[in-house]
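Below is query.cif, holding mmCIF, C-alpha atoms and all ligand atoms.
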data_final
#
loop_
_atom_site.label_atom_id
_atom_site.label_comp_id
_atom_site.auth_asym_id
_atom_site.auth_seq_id
_atom_site.Cartn_x
_atom_site.Cartn_y
_atom_site.Cartn_z
CA MET A 1 198.10 52.51 -63.38
CA GLN A 2 195.16 50.35 -62.29
CA PRO A 3 196.20 48.00 -59.46
CA SER A 4 195.41 44.36 -59.93
CA PHE A 5 194.17 42.63 -56.79
CA GLU A 6 194.94 39.10 -55.73
CA ASP A 7 191.20 38.69 -55.00
CA ARG A 8 189.72 39.35 -58.45
CA ARG A 9 186.20 39.65 -56.99
CA LEU A 10 187.21 42.98 -55.47
CA GLN A 11 187.95 44.55 -58.88
CA PRO A 12 184.36 45.85 -59.46
CA ILE A 13 184.39 47.36 -55.97
CA LEU A 14 187.62 49.19 -56.80
CA GLU A 15 185.92 50.72 -59.84
CA LYS A 16 183.07 51.98 -57.65
CA VAL A 17 185.49 53.36 -55.04
CA GLN A 18 187.48 55.17 -57.71
CA ALA A 19 184.30 56.66 -59.17
CA GLY A 20 182.93 57.65 -55.74
CA VAL A 21 179.90 55.36 -56.11
CA ARG A 22 178.19 54.16 -52.90
CA LEU A 23 178.93 50.51 -52.02
CA SER A 24 176.02 48.10 -51.60
CA TYR A 25 175.22 45.66 -48.80
CA ASP A 26 176.61 42.84 -50.97
CA ASP A 27 179.83 44.78 -51.55
CA GLY A 28 180.20 45.10 -47.79
CA VAL A 29 179.80 41.34 -47.31
CA ALA A 30 182.31 40.68 -50.14
CA LEU A 31 184.84 43.00 -48.46
CA TYR A 32 184.45 41.24 -45.12
CA ARG A 33 184.73 37.80 -46.74
CA SER A 34 187.87 38.60 -48.71
CA SER A 35 191.21 37.73 -47.17
CA ASP A 36 192.96 40.17 -49.49
CA LEU A 37 193.47 42.64 -46.66
CA LEU A 38 195.95 44.72 -48.63
CA ALA A 39 193.38 45.26 -51.41
CA VAL A 40 190.66 46.27 -48.94
CA GLY A 41 193.13 48.53 -47.14
CA TYR A 42 194.32 50.06 -50.41
CA MET A 43 190.76 51.07 -51.32
CA ALA A 44 190.02 52.39 -47.82
CA ASN A 45 193.22 54.42 -47.95
CA LEU A 46 192.13 55.97 -51.26
CA VAL A 47 188.93 57.22 -49.63
CA ARG A 48 190.73 58.31 -46.47
CA GLU A 49 193.28 60.36 -48.39
CA ARG A 50 190.57 61.84 -50.61
CA LEU A 51 188.81 63.10 -47.45
CA HIS A 52 191.69 63.98 -45.17
CA ALA A 53 194.90 63.93 -47.26
CA ASP A 54 197.71 62.98 -44.87
CA LEU A 55 196.21 64.39 -41.66
CA THR A 56 195.65 62.22 -38.61
CA TYR A 57 193.54 63.79 -35.88
CA PHE A 58 193.96 63.34 -32.13
CA ASN A 59 192.80 65.13 -29.02
CA VAL A 60 193.87 65.72 -25.45
CA ASN A 61 191.04 64.26 -23.43
CA ARG A 62 190.16 62.60 -20.15
CA HIS A 63 187.71 59.79 -19.59
CA ILE A 64 185.52 60.00 -16.49
CA ASN A 65 183.35 57.05 -15.38
CA PRO A 66 181.28 58.36 -12.45
CA THR A 67 179.94 54.91 -11.50
CA ASP A 68 180.25 51.28 -12.50
CA VAL A 69 176.97 50.34 -10.82
CA CYS A 70 174.65 49.05 -13.52
CA VAL A 71 171.19 47.50 -13.49
CA ALA A 72 171.91 45.74 -16.77
CA SER A 73 174.07 42.61 -16.73
CA CYS A 74 175.28 42.49 -20.30
CA ARG A 75 177.34 39.41 -21.14
CA LEU A 76 179.75 41.54 -23.20
CA CYS A 77 180.71 43.75 -20.27
CA ALA A 78 183.26 43.40 -17.47
CA PHE A 79 182.76 46.94 -16.19
CA GLY A 80 179.20 47.07 -14.79
CA LYS A 81 178.59 45.81 -11.23
CA ARG A 82 175.56 45.30 -9.02
CA ALA A 83 175.01 48.03 -6.37
CA LYS A 84 175.67 45.52 -3.56
CA ASP A 85 178.95 44.29 -5.07
CA PRO A 86 181.71 45.27 -2.60
CA ASN A 87 183.93 46.27 -5.53
CA ALA A 88 181.36 48.64 -7.09
CA TYR A 89 181.99 52.37 -6.87
CA THR A 90 179.98 55.54 -7.28
CA MET A 91 181.63 58.94 -7.14
CA SER A 92 180.04 61.86 -5.32
CA LEU A 93 179.52 65.01 -7.37
CA GLU A 94 182.51 66.57 -5.62
CA GLN A 95 184.64 63.56 -6.55
CA VAL A 96 183.64 63.81 -10.23
CA TRP A 97 184.54 67.50 -10.28
CA GLU A 98 187.85 66.81 -8.52
CA VAL A 99 188.83 63.79 -10.64
CA ALA A 100 188.18 65.85 -13.76
CA GLY A 101 191.06 68.13 -12.87
CA LEU A 102 193.56 65.48 -11.76
CA GLY A 103 196.59 63.88 -13.15
CA TYR A 104 197.47 65.60 -16.36
CA ARG A 105 199.82 68.51 -16.85
CA GLU A 106 198.33 69.64 -20.16
CA ALA A 107 194.92 71.26 -20.39
CA VAL A 108 192.42 68.74 -21.73
CA SER A 109 189.92 69.92 -24.32
CA GLU A 110 187.36 67.12 -23.75
CA PHE A 111 185.87 65.10 -20.92
CA HIS A 112 184.46 61.80 -22.18
CA ILE A 113 181.90 60.81 -19.54
CA VAL A 114 180.10 57.45 -19.48
CA GLY A 115 179.06 55.03 -16.77
CA GLY A 116 176.68 52.28 -15.70
CA LEU A 117 172.89 52.51 -15.44
CA HIS A 118 172.71 53.44 -11.76
CA PRO A 119 169.28 52.85 -10.22
CA GLU A 120 169.57 55.79 -7.85
CA LEU A 121 171.29 58.53 -9.86
CA GLY A 122 168.59 60.44 -11.69
CA LEU A 123 168.53 63.08 -14.39
CA GLU A 124 168.90 65.93 -11.89
CA TRP A 125 172.12 64.41 -10.46
CA PHE A 126 173.65 64.25 -13.95
CA CYS A 127 172.48 67.79 -14.79
CA GLN A 128 174.16 68.99 -11.59
CA MET A 129 177.31 67.08 -12.51
CA LEU A 130 177.42 68.78 -15.92
CA ARG A 131 176.73 72.24 -14.49
CA GLY A 132 179.50 71.77 -11.92
CA LEU A 133 181.97 70.67 -14.60
CA LYS A 134 181.11 73.64 -16.82
CA GLU A 135 181.50 76.02 -13.89
CA ARG A 136 184.94 74.65 -13.02
CA TYR A 137 186.24 73.87 -16.54
CA PRO A 138 184.36 76.23 -18.87
CA ASP A 139 186.65 75.60 -21.87
CA VAL A 140 186.36 71.83 -21.78
CA HIS A 141 183.91 70.14 -24.17
CA LEU A 142 181.57 67.71 -22.38
CA LYS A 143 181.05 64.59 -24.52
CA ALA A 144 178.74 62.60 -22.30
CA PHE A 145 176.37 59.61 -22.07
CA THR A 146 175.66 56.82 -24.51
CA MET A 147 172.22 56.43 -26.11
CA VAL A 148 171.66 53.60 -23.60
CA GLU A 149 172.23 55.91 -20.62
CA ILE A 150 169.96 58.57 -22.14
CA ALA A 151 167.12 56.08 -22.67
CA TYR A 152 167.50 54.85 -19.07
CA LEU A 153 167.53 58.38 -17.61
CA ALA A 154 164.46 59.30 -19.66
CA GLN A 155 162.58 56.20 -18.54
CA ARG A 156 163.42 56.82 -14.87
CA ALA A 157 162.49 60.51 -15.09
CA LYS A 158 159.28 59.58 -16.97
CA LEU A 159 160.22 62.06 -19.66
CA GLY A 160 160.49 61.74 -23.41
CA LEU A 161 163.90 61.35 -25.04
CA ARG A 162 163.73 64.83 -26.53
CA GLU A 163 162.99 66.50 -23.19
CA THR A 164 165.70 64.48 -21.44
CA LEU A 165 168.29 65.40 -24.05
CA LEU A 166 167.25 69.05 -23.94
CA GLN A 167 167.64 69.21 -20.16
CA LEU A 168 171.12 67.65 -20.35
CA LYS A 169 172.08 69.97 -23.18
CA GLU A 170 170.87 72.96 -21.20
CA ALA A 171 173.00 71.76 -18.24
CA GLY A 172 176.16 71.66 -20.39
CA MET A 173 176.28 68.45 -22.44
CA ASP A 174 177.99 69.47 -25.71
CA SER A 175 177.91 66.20 -27.66
CA MET A 176 177.66 62.45 -27.15
CA PRO A 177 180.03 59.49 -27.54
CA GLY A 178 179.11 56.52 -29.71
CA GLY A 179 178.99 53.63 -27.24
CA GLY A 180 176.25 51.12 -26.53
CA ALA A 181 175.44 50.46 -30.18
CA GLU A 182 177.11 47.01 -30.07
CA ILE A 183 175.48 45.17 -33.01
CA PHE A 184 171.95 46.17 -33.96
CA CYS A 185 170.80 42.68 -34.97
CA ASP A 186 168.18 41.47 -32.40
CA ARG A 187 169.35 37.84 -32.52
CA ILE A 188 172.86 38.84 -31.39
CA ARG A 189 171.75 41.56 -29.01
CA ARG A 190 169.57 39.10 -27.12
CA ILE A 191 172.68 37.11 -26.29
CA ILE A 192 175.34 39.75 -25.66
CA CYS A 193 173.32 42.60 -24.13
CA ASP A 194 169.70 41.60 -23.60
CA HIS A 195 169.14 44.23 -20.89
CA LYS A 196 169.93 47.13 -23.19
CA ILE A 197 167.68 49.11 -25.52
CA ASP A 198 167.36 47.39 -28.88
CA GLY A 199 168.95 48.53 -32.13
CA ASN A 200 165.91 50.52 -33.26
CA GLN A 201 165.77 52.36 -29.93
CA TRP A 202 169.49 53.17 -30.18
CA ILE A 203 168.93 54.59 -33.66
CA GLU A 204 165.85 56.53 -32.53
CA THR A 205 167.72 58.06 -29.57
CA ALA A 206 170.56 59.11 -31.89
CA ARG A 207 168.03 60.55 -34.34
CA ILE A 208 166.47 62.73 -31.62
CA ALA A 209 169.90 63.77 -30.30
CA HIS A 210 170.82 64.94 -33.79
CA GLN A 211 167.45 66.70 -34.16
CA VAL A 212 168.03 68.73 -30.99
CA GLY A 213 171.41 69.82 -32.32
CA LEU A 214 173.76 67.40 -30.59
CA LYS A 215 176.52 65.83 -32.65
CA THR A 216 177.28 62.23 -31.70
CA ASN A 217 179.69 59.45 -32.53
CA CYS A 218 178.72 55.89 -33.37
CA THR A 219 180.35 52.52 -32.75
CA MET A 220 180.09 48.83 -33.60
CA LEU A 221 181.26 46.02 -31.35
CA TYR A 222 182.79 43.18 -33.38
CA GLY A 223 184.65 39.95 -32.73
CA HIS A 224 182.09 38.11 -30.56
CA ILE A 225 179.27 36.01 -32.06
CA GLU A 226 178.24 38.22 -34.97
CA ASN A 227 178.82 37.31 -38.61
CA GLU A 228 179.70 39.40 -41.68
CA GLU A 229 176.06 40.05 -42.55
CA ASP A 230 175.34 41.37 -39.04
CA ARG A 231 178.23 43.81 -39.34
CA VAL A 232 177.23 45.07 -42.76
CA ASP A 233 173.61 45.43 -41.62
CA HIS A 234 174.86 47.54 -38.69
CA LEU A 235 176.96 49.79 -40.94
CA VAL A 236 174.17 50.24 -43.48
CA ARG A 237 171.74 51.27 -40.72
CA LEU A 238 174.17 53.87 -39.43
CA ARG A 239 174.70 55.13 -42.98
CA ALA A 240 170.94 55.48 -43.49
CA LEU A 241 170.50 57.55 -40.32
CA GLN A 242 173.44 59.72 -41.30
CA GLU A 243 171.79 60.34 -44.66
CA GLU A 244 168.76 61.61 -42.76
CA THR A 245 170.37 63.71 -39.98
CA GLY A 246 174.05 64.30 -40.76
CA GLY A 247 174.64 64.17 -36.99
CA PHE A 248 177.39 61.53 -36.76
CA VAL A 249 180.92 62.85 -36.60
CA THR A 250 183.05 59.75 -36.12
CA PHE A 251 182.64 56.00 -36.32
CA ILE A 252 184.69 53.82 -33.97
CA PRO A 253 184.84 50.04 -34.53
CA LEU A 254 185.29 48.44 -31.10
CA ALA A 255 187.01 45.05 -30.77
CA PHE A 256 185.40 42.77 -28.22
CA HIS A 257 187.62 42.10 -25.17
CA PRO A 258 186.38 38.86 -23.59
CA ASP A 259 188.40 38.65 -20.34
CA ASN A 260 186.35 38.79 -17.14
CA THR A 261 183.06 38.65 -19.08
CA PRO A 262 180.65 35.68 -19.29
CA LEU A 263 181.84 35.38 -22.90
CA ARG A 264 185.46 34.79 -21.89
CA HIS A 265 185.62 31.58 -23.95
CA ILE A 266 185.57 33.68 -27.16
CA ALA A 267 188.99 34.27 -28.71
CA LYS A 268 190.34 37.81 -28.84
CA THR A 269 190.27 39.61 -32.17
CA THR A 270 193.38 39.57 -34.34
CA GLY A 271 195.27 42.43 -35.97
CA PHE A 272 193.94 41.22 -39.31
CA MET A 273 190.34 41.52 -38.14
CA ASP A 274 190.92 44.90 -36.49
CA LEU A 275 192.40 46.38 -39.67
CA LYS A 276 189.66 44.82 -41.80
CA ASN A 277 186.99 46.48 -39.66
CA ILE A 278 188.62 49.88 -39.96
CA ALA A 279 188.93 49.52 -43.72
CA VAL A 280 185.42 48.19 -44.39
CA ALA A 281 183.95 50.94 -42.21
CA ARG A 282 185.79 53.62 -44.22
CA LEU A 283 184.49 52.12 -47.45
CA MET A 284 180.86 51.58 -46.38
CA LEU A 285 180.34 54.74 -44.29
CA ASP A 286 180.90 57.19 -47.12
CA ASN A 287 178.84 59.89 -45.39
CA ILE A 288 180.49 59.78 -41.94
CA PRO A 289 183.48 62.11 -41.93
CA HIS A 290 185.87 60.34 -39.55
CA ILE A 291 186.96 56.78 -38.72
CA LYS A 292 188.75 56.41 -35.42
CA ALA A 293 191.29 53.71 -34.55
CA TYR A 294 190.89 53.83 -30.77
CA TRP A 295 194.40 52.95 -29.59
CA ILE A 296 193.23 51.77 -26.15
CA MET A 297 191.14 49.09 -27.80
CA MET A 298 193.31 48.08 -30.75
CA SER A 299 196.76 48.70 -29.25
CA GLU A 300 199.10 51.49 -30.24
CA ARG A 301 200.68 49.23 -32.87
CA ILE A 302 197.49 48.43 -34.76
CA ALA A 303 196.04 51.93 -34.34
CA GLN A 304 199.18 53.27 -35.98
CA ILE A 305 199.01 50.88 -38.95
CA ALA A 306 195.27 51.64 -39.21
CA GLN A 307 196.24 55.16 -40.29
CA ARG A 308 197.16 53.54 -43.62
CA PHE A 309 194.03 51.33 -43.73
CA GLY A 310 191.25 53.94 -43.64
CA ALA A 311 191.46 55.56 -40.20
CA ASP A 312 192.11 59.29 -39.86
CA ASP A 313 191.87 59.54 -36.06
CA ILE A 314 193.60 57.82 -33.16
CA ASP A 315 191.56 59.24 -30.21
CA GLY A 316 193.37 60.96 -27.38
CA THR A 317 195.41 60.92 -24.23
CA VAL A 318 192.46 59.33 -22.31
CA VAL A 319 194.31 59.45 -18.91
CA GLU A 320 192.26 56.76 -17.14
CA GLU A 321 190.35 53.97 -18.88
CA LYS A 322 188.21 51.41 -17.08
CA ILE A 323 185.80 49.68 -19.50
CA TYR A 324 188.46 47.95 -21.60
CA HIS A 325 190.94 47.41 -18.79
CA ASP A 326 188.30 45.63 -16.69
CA ALA A 327 187.88 43.36 -19.74
CA GLY A 328 191.59 42.52 -19.90
CA ALA A 329 193.06 45.20 -22.18
CA THR A 330 196.83 45.26 -21.77
CA THR A 331 197.38 48.67 -23.35
CA SER A 332 198.43 51.48 -21.02
CA GLN A 333 195.69 53.69 -19.56
CA SER A 334 196.99 56.91 -21.02
CA LEU A 335 199.38 58.28 -23.60
CA ARG A 336 201.18 61.58 -23.49
CA ARG A 337 200.59 64.07 -26.27
CA GLU A 338 204.16 63.56 -27.49
CA ASP A 339 203.59 59.76 -27.70
CA LEU A 340 200.59 60.33 -29.97
CA LEU A 341 202.63 62.71 -32.14
CA ARG A 342 205.38 60.11 -32.54
CA LEU A 343 202.95 57.32 -33.48
CA ILE A 344 201.28 59.51 -36.09
CA ARG A 345 204.47 60.94 -37.61
CA GLU A 346 206.09 57.54 -37.83
CA ALA A 347 203.12 56.35 -39.92
CA GLY A 348 203.90 59.16 -42.37
CA ARG A 349 200.87 61.20 -41.33
CA GLN A 350 200.69 64.77 -40.19
CA PRO A 351 199.28 65.11 -36.66
CA MET A 352 196.48 67.62 -36.19
CA GLU A 353 195.25 68.28 -32.68
CA ARG A 354 191.49 68.77 -32.79
CA ASP A 355 188.69 69.53 -30.38
CA THR A 356 185.73 67.13 -30.18
CA LEU A 357 184.13 68.69 -33.27
CA TYR A 358 187.37 68.58 -35.27
CA ARG A 359 188.24 72.25 -35.08
CA PRO A 360 192.03 72.71 -34.96
CA VAL A 361 193.52 73.33 -31.52
CA GLU A 362 196.61 75.36 -30.80
CA ARG A 363 198.31 75.04 -27.45
CA THR A 364 201.02 76.27 -25.15
CA GLU A 365 202.37 74.20 -22.22
CA THR A 366 199.28 74.77 -20.08
CA THR A 367 196.53 76.29 -22.22
CA PHE A 368 194.77 75.58 -25.49
CA THR A 369 192.82 77.62 -28.02
CA VAL A 370 190.27 76.27 -30.47
CA LEU A 371 190.72 77.92 -33.86
CA VAL A 372 187.30 78.50 -35.39
O1 LIG B 1 179.53 51.21 -24.84
C1 LIG B 1 181.90 47.32 -23.28
C2 LIG B 1 181.96 48.67 -25.44
C3 LIG B 1 181.88 50.94 -25.24
C4 LIG B 1 183.32 45.80 -23.74
O2 LIG B 1 182.61 58.09 -28.99
C5 LIG B 1 183.25 46.70 -24.78
O3 LIG B 1 184.63 58.89 -29.14
C6 LIG B 1 184.83 45.55 -25.90
O4 LIG B 1 181.99 53.67 -26.76
N1 LIG B 1 184.94 44.62 -24.94
C7 LIG B 1 182.58 52.09 -24.56
N2 LIG B 1 183.98 46.59 -25.87
C8 LIG B 1 183.68 52.69 -25.42
C9 LIG B 1 183.14 53.68 -26.42
C10 LIG B 1 184.05 54.70 -26.99
C11 LIG B 1 185.41 54.56 -26.84
C12 LIG B 1 186.24 55.55 -27.38
C13 LIG B 1 185.74 56.64 -28.02
C14 LIG B 1 184.37 56.78 -28.15
C15 LIG B 1 183.82 57.99 -28.81
C16 LIG B 1 183.51 55.79 -27.65
O5 LIG B 1 182.74 49.83 -25.22
C17 LIG B 1 180.64 50.42 -24.62
C18 LIG B 1 180.51 49.08 -25.31
O6 LIG B 1 180.01 49.27 -26.59
N3 LIG B 1 182.34 47.62 -24.48
N4 LIG B 1 182.47 46.20 -22.79
C19 LIG B 1 184.22 44.69 -23.85
N5 LIG B 1 184.30 43.76 -22.90
#
Structure translated into structure tokens:
Amino acid sequence: MQPSFEDRRLQPILEKVQAGVRLSYDDGVALYRSSDLLAVGYMANLVRERLHADLTYFNVNRHINPTDVCVASCRLCAFGKRAKDPNAYTMSLEQVWEVAGLGYREAVSEFHIVGGLHPELGLEWFCQMLRGLKERYPDVHLKAFTMVEIAYLAQRAKLGLRETLLQLKEAGMDSMPGGGAEIFCDRIRRIICDHKIDGNQWIETARIAHQVGLKTNCTMLYGHIENEEDRVDHLVRLRALQEETGGFVTFIPLAFHPDNTPLRHIAKTTGFMDLKNIAVARLMLDNIPHIKAYWIMMSERIAQIAQRFGADDIDGTVVEEKIYHDAGATTSQSLRREDLLRLIREAGRQPMERDTLYRPVERTETTFTVLV
């Protein structure tokens, strides 16, 4: 039976979704402007179940932030600090290698490594860091560096993006996270992160990463000063690059956390907005396999409900999170594997532990095997 939506303007979009027809820019704007969240979620869930049935993916990972020193002073960020700030920190290589092994009884399958743009840590330092991690934890996938960090390292080393990425890959970088994309629109970027590479440079760096064989994620920061058109423009640009390279694995909508940032006057996002962003992303990004509801950012409660609004992933155990907690996140810093299983099962989904590239993982108490 054909459902009948409260917002009648969504009916033609439903027909496209049912027929597997790509949604247009205008469809994206109409989805964002509709307050019929259940209709938007219903359509996103159709696509999500078509792609992933009732599976929800998660991983056992650890975040590592080697430094919070950053030459950029982005208004959106509460994490980056000036080198002379007494609260700033920079780990030594030995500390990074040691921290990587701390604090979790189960073997992690991924290190997620990102940090500030440090004026004194060059490409060779990061290559050494990767080599040291691979030596000590050979089974752990290294998902490291945003496009913004790569562009900065390349500029400092006076190398091209391709050469920089190749050197990092050679040293052990296996894939890249999706951060730093924010919102591509120049007008917004100038206000929230004017020290960062622009949207075109972010896209170009991702393009080259994909060309050298690195899979990456992608993100969008919402809930600050952007409007619906800016969001749809961002999604459509990601979709176009994916059409060209096929290198994106997962999209993660990131809710802006204003506390301790110069934009602290902006209200926090609501559950309604968080679910809407998950659902619209699933509908617009028809060529990106996975949509992640990052529980750290959207809370365990919303990330769980999101599994019925288009998301098929909830991220991982994380262990220690700084970027969102510096910006006032009240979620815990880590979840145990059994907590993730409970959240997923309670939402009526079947948990599937994955590695970074979504291959199934089987584990005992202290070891894991990736099933290829
Ligand atoms: O790059 C920074 C954003 C990103 C704030 O690829 C902020 O699997 C909200 O990219 N409020 C880091 N957002 C997080 C990230 C990520 C997280 C989980 C999984 C993956 C993945 C990627 O967070 C930054 C920036 O875009 N950010 N400050 C803030 N105050």
Would you mind listing, for every residue of chain A within 7 Å of ligand LIG 1 (chain B), the two atoms forming the shortest contact and the distance between them in Å to one decimal, using all atoms listed in the file, sorted by chain and ascending residue number, as CSV?
residue,atom,partner,partner_atom,distance
A:Leu76,CA,B:LIG1,N5,5.1
A:Cys77,CA,B:LIG1,N4,3.9
A:Ala78,CA,B:LIG1,N5,5.5
A:Phe79,CA,B:LIG1,N4,6.6
A:Thr146,CA,B:LIG1,O1,6.8
A:Met176,CA,B:LIG1,O2,6.8
A:Pro177,CA,B:LIG1,O2,3.3
A:Gly178,CA,B:LIG1,O2,3.9
A:Gly179,CA,B:LIG1,O4,3.0
A:Gly180,CA,B:LIG1,O1,3.7
A:Ala181,CA,B:LIG1,O6,5.9
A:Glu182,CA,B:LIG1,O6,5.1
A:Asn217,CA,B:LIG1,O2,4.8
A:Cys218,CA,B:LIG1,O2,6.3
A:Thr219,CA,B:LIG1,O4,6.3
A:Leu221,CA,B:LIG1,O6,5.9
A:Ile252,CA,B:LIG1,C14,6.5
A:Leu254,CA,B:LIG1,N2,5.7
A:Ala255,CA,B:LIG1,C6,5.4
A:Phe256,CA,B:LIG1,C6,3.7
A:His257,CA,B:LIG1,N1,3.7
A:Pro258,CA,B:LIG1,N5,5.4
A:Thr261,CA,B:LIG1,N5,6.5
A:Tyr294,CA,B:LIG1,C12,6.0
A:Asp315,CA,B:LIG1,C13,6.7
A:Ile323,CA,B:LIG1,N4,5.8
A:Tyr324,CA,B:LIG1,C19,5.8
A:Ala327,CA,B:LIG1,N5,4.8
For this session: Just give me the gap between CA of Asp230 in chain A and CA of Phe5 in chain A in Å, one decimal is fine.
Result: 25.9 Å
For this session: Please return, as a list in words, all polymer residues that have at least one atom within 10 Å of the point (165.5, 58.0, -21.8); use all atoms listed in the file and the file's own coordinate frame.
Result: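 The residues that fall inside the cut-off are Leu123, Met147, Val148, Glu149, Ile150, Ala151, Tyr152, Leu153, Ala154, Gln155, Arg156, Ala157, Lys158, Leu159, Gly160, Leu161, Arg162, Glu163, Thr164, Leu165, Ile197, Gln201 and Thr205 of chain A.
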For this session: Would you kindly return, as a list of chain:residue names, each protein, DNA or RNA residue with an atom no farther than 8 Å from any atom of Lys143 in chain A, considering all atoms listed in the file and excluding same-chain residues fewer than 2 positions away?
Result: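 My list of contacting residues is A:Glu110, A:Phe111, A:His112, A:Ile113, A:His141, A:Phe145, A:Met173, A:Asp174, A:Ser175, A:Met176, A:Pro177, A:Thr356.
Among the candidates A:Ser109, A:Gln2, A:Gln128, A:Thr330, the one nearest to Glu300 in chain A when counting all atoms listed in the file is A:Thr330.
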Problem set entry | Selected residue, from A:Glu98, A:Asp26, A:Asp194, A:Glu6, that lies nearest to Val71 in chain A when counting all atoms listed in the file |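 Once distances to Val71 in chain A are computed over all atoms listed in the file, the minimum belongs to A:Asp194.
Coordinates place CA of Ala72 in chain A at a distance of 13.6 Å from CA of Pro262 in chain A.
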With 12 Å as the cut-off and all atoms listed in the file counted, what is the closest atom pair between each nearby residue of range 169-259 of chain A and range 10-24 of chain A? Distances in Å to one decimal, ordered by chain and number, as JSON lines.
{"residue": "A:Val232", "atom": "CA", "partner": "A:Ser24", "partner_atom": "CA", "distance": 9.4}
{"residue": "A:Asp233", "atom": "CA", "partner": "A:Ser24", "partner_atom": "CA", "distance": 10.6}
{"residue": "A:Leu235", "atom": "CA", "partner": "A:Ser24", "partner_atom": "CA", "distance": 10.8}
{"residue": "A:Val236", "atom": "CA", "partner": "A:Ser24", "partner_atom": "CA", "distance": 8.6}
{"residue": "A:Arg239", "atom": "CA", "partner": "A:Arg22", "partner_atom": "CA", "distance": 10.6}
{"residue": "A:Ala240", "atom": "CA", "partner": "A:Arg22", "partner_atom": "CA", "distance": 12.0}
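When CA of Gly199 in chain A is paired with CA of Cys185 in chain A, their separation reads 6.8 Å.
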Problem set entry | Given all atoms listed in the file as the counted atoms, nearest of A:Thr245, A:Thr250, A:Asn45, A:Thr270 to Ala293 in chain A | A:Thr250
Residue neighbourhood Gly172 in chain A, 12 Å, all atoms listed in the file, exclusion window fewer than 6 positions, as a compact mmCIF listing (two decimals) with C-alpha atoms, in the frame of the given file:
# COMPACT_ATOMS: atom_id res chain seq x y z
CA PHE A 111 185.87 65.10 -20.92
CA PHE A 126 173.65 64.25 -13.95
CA CYS A 127 172.48 67.79 -14.79
CA GLN A 128 174.16 68.99 -11.59
CA MET A 129 177.31 67.08 -12.51
CA LEU A 130 177.42 68.78 -15.92
CA ARG A 131 176.73 72.24 -14.49
CA GLY A 132 179.50 71.77 -11.92
CA LEU A 133 181.97 70.67 -14.60
CA LYS A 134 181.11 73.64 -16.82
CA GLU A 135 181.50 76.02 -13.89
CA ARG A 136 184.94 74.65 -13.02
CA TYR A 137 186.24 73.87 -16.54
CA PRO A 138 184.36 76.23 -18.87
CA ASP A 139 186.65 75.60 -21.87
CA VAL A 140 186.36 71.83 -21.78
CA HIS A 141 183.91 70.14 -24.17
CA LEU A 142 181.57 67.71 -22.38
CA LYS A 143 181.05 64.59 -24.52
CA ALA A 144 178.74 62.60 -22.30
CA LEU A 165 168.29 65.40 -24.05
CA LEU A 166 167.25 69.05 -23.94
CA LEU A 214 173.76 67.40 -30.59
For this session: Name the closest residue to Val370 in chain A among the candidates A:Leu51, A:Val108, A:Val29, A:Ala329; distances are taken between atoms, counting all atoms listed in the file.
Result: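 Of all the options, A:Val108 lies closest to Val370 in chain A.
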